[in-house]
Every structure is written in structure tokens, then in C-alpha cells.
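Remarks on the structure that follows.
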Amino acid sequence: MDKISSPAQFQVAIQSPRLTVAVFKAEWCVDCKFIDPFMPDVEQKYAERLTLVEVDVDAVGDVSQEQNILGIPSFVAYTDGRELVRFVNKLRKSREEIEKFLDTALDVYLSIHK
């Protein structure tokens with residue numbers, strides 16, 4: 001997963017016409033570390049259909065605030081610079097929940113790119 005560590009990198013990533021899912025995380029976040037072991041497999045499973053990028057909330061300045069990220073890890077799907085759907089809550093996220101969200105994001109993306 002490419003790591004986004006500046007506001008400029010974030011803007012470039014979300015401007016893509018390809019479905020891009022930003023995973024907002026931080027080094028100190030216990031629930032973020034919980035998803036680390038299985039995220040490479042998830043990324044590989046969805047590699048043909050979307051791009052996952054990791055956004056370090058401590059490195060991107062006001063981006064997290066501008067994107068209204070209140071809890072991490074948070075997953076937000078973008079295309080062409082606009083948000084499509086998000087998976088944000090204060091609970092620990094399982095692999096199944098993350099994959100269900102990615103499937104939903106793909107459905108939304110495909111519905112507008114027919």
C-alpha cells in the first residue's frame with residue numbers, strides 16, 4: 001500500500017479516475033495495528049479493481065480535519081477527487097467488514113462509471 005505523507009500526495013491520489021480507497025491511520029493507533037497483518041492480502045485480492053493508499057494522519061496536516069476523519073482507522077473511497085462512500089466508526093474493524101466495505105465501494109464506483 002502506498003503511503004501518503006503530505007497533503008499534495010493525498011490530493012494527487014484522490015484525483016485518480018480509478019477507485020482509490022484511503023486508509024487513514026497512525027503509528028500509535030492500536031486498532032490500526034490490528035488490521036496490518038491482513039491488509040496486504042486484502043490489497044492483493046482487490047488490486048485489479050481498486051487502489052488502496054495509507055494516509056498517516058499525523059503527517060498530512062489538515063487533511064484529516066478537512067476530510068472529517070474523527071476516528072481511525074477510517075476507510076474513504078474516492079474517484080475523480082470526490083468522495084463516494086466511507087467506513088468510519090470507533091470500533092475495531094475485521095477483515096470481513098473491510099472487504100464488505102470495499103465491495104460496496106466498488107458497487108458505487110461501477111454504478112457511476114457504466
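In the C-alpha cells, the first chain shown is A, the next is B, and so on; residue numbers restart at 1 for each chain, and ligands run from 1 in the order shown.
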
Who sits within 9 Å of Gly81 (chain A), only C-alpha atoms, same chain under 5 positions skipped, as a CSV table (one decimal) with N, CA and C atoms, in the first residue's frame:
```
chain,number,residue,atom,x,y,z
A,11,GLN,N,-3.9,14.7,-2.4
A,11,GLN,CA,-4.7,15.3,-3.5
A,11,GLN,C,-4.5,14.6,-4.8
A,12,VAL,N,-3.3,14.3,-5.1
A,12,VAL,CA,-3.0,13.5,-6.3
A,12,VAL,C,-3.6,12.2,-6.3
A,13,ALA,N,-3.6,11.5,-5.2
A,13,ALA,CA,-4.1,10.1,-5.1
A,13,ALA,C,-5.6,10.1,-5.3
A,14,ILE,N,-6.4,11.1,-4.7
A,14,ILE,CA,-7.8,11.0,-4.8
A,14,ILE,C,-8.3,11.6,-6.1
A,15,GLN,N,-7.5,12.3,-6.9
A,15,GLN,CA,-7.9,12.8,-8.2
A,15,GLN,C,-8.0,11.7,-9.3
A,16,SER,N,-7.5,10.6,-9.0
A,16,SER,CA,-7.4,9.5,-10.0
A,16,SER,C,-8.8,9.1,-10.4
A,17,PRO,N,-9.0,8.8,-11.7
A,17,PRO,CA,-10.3,8.3,-12.2
A,17,PRO,C,-10.5,6.8,-11.7
```

- Message: Env of Arg49 (chain A): 10 Å cut, atoms = only C-alpha atoms, seq-sep filter 6 positions within chain, self excluded. Answer as a VMD selection string.
- Response: chain A and resid 18 to 20 43 102 to 103 106

- Message: Let me make sure I understand: among A:Glu48, A:Asp58, A:Asp41, A:Glu83, which one has the smallest atom-to-atom distance to Val21 (chain A) if we use only C-alpha atoms?
- Response: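 Of A:Glu48, A:Asp58, A:Asp41, A:Glu83, the one nearest Val21 (chain A), counting only C-alpha atoms, is A:Glu83.
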
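All residues of protein, DNA or RNA that reach within 10 Å of Lys3 (chain A), judged by only C-alpha atoms and not counting those fewer than 6 positions away in the chain, are Gln9, Phe10, Ala22, Val23, Leu52, Val53, Glu54, Val55 and Asp56 of chain A.
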
- Query: In Å to one decimal, how far is CA of Pro7 (chain A) from CA of Val63 (chain A)?
  - Reply: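 Computing the Euclidean distance for CA of Val63 (chain A) and CA of Pro7 (chain A) yields 6.2 Å.
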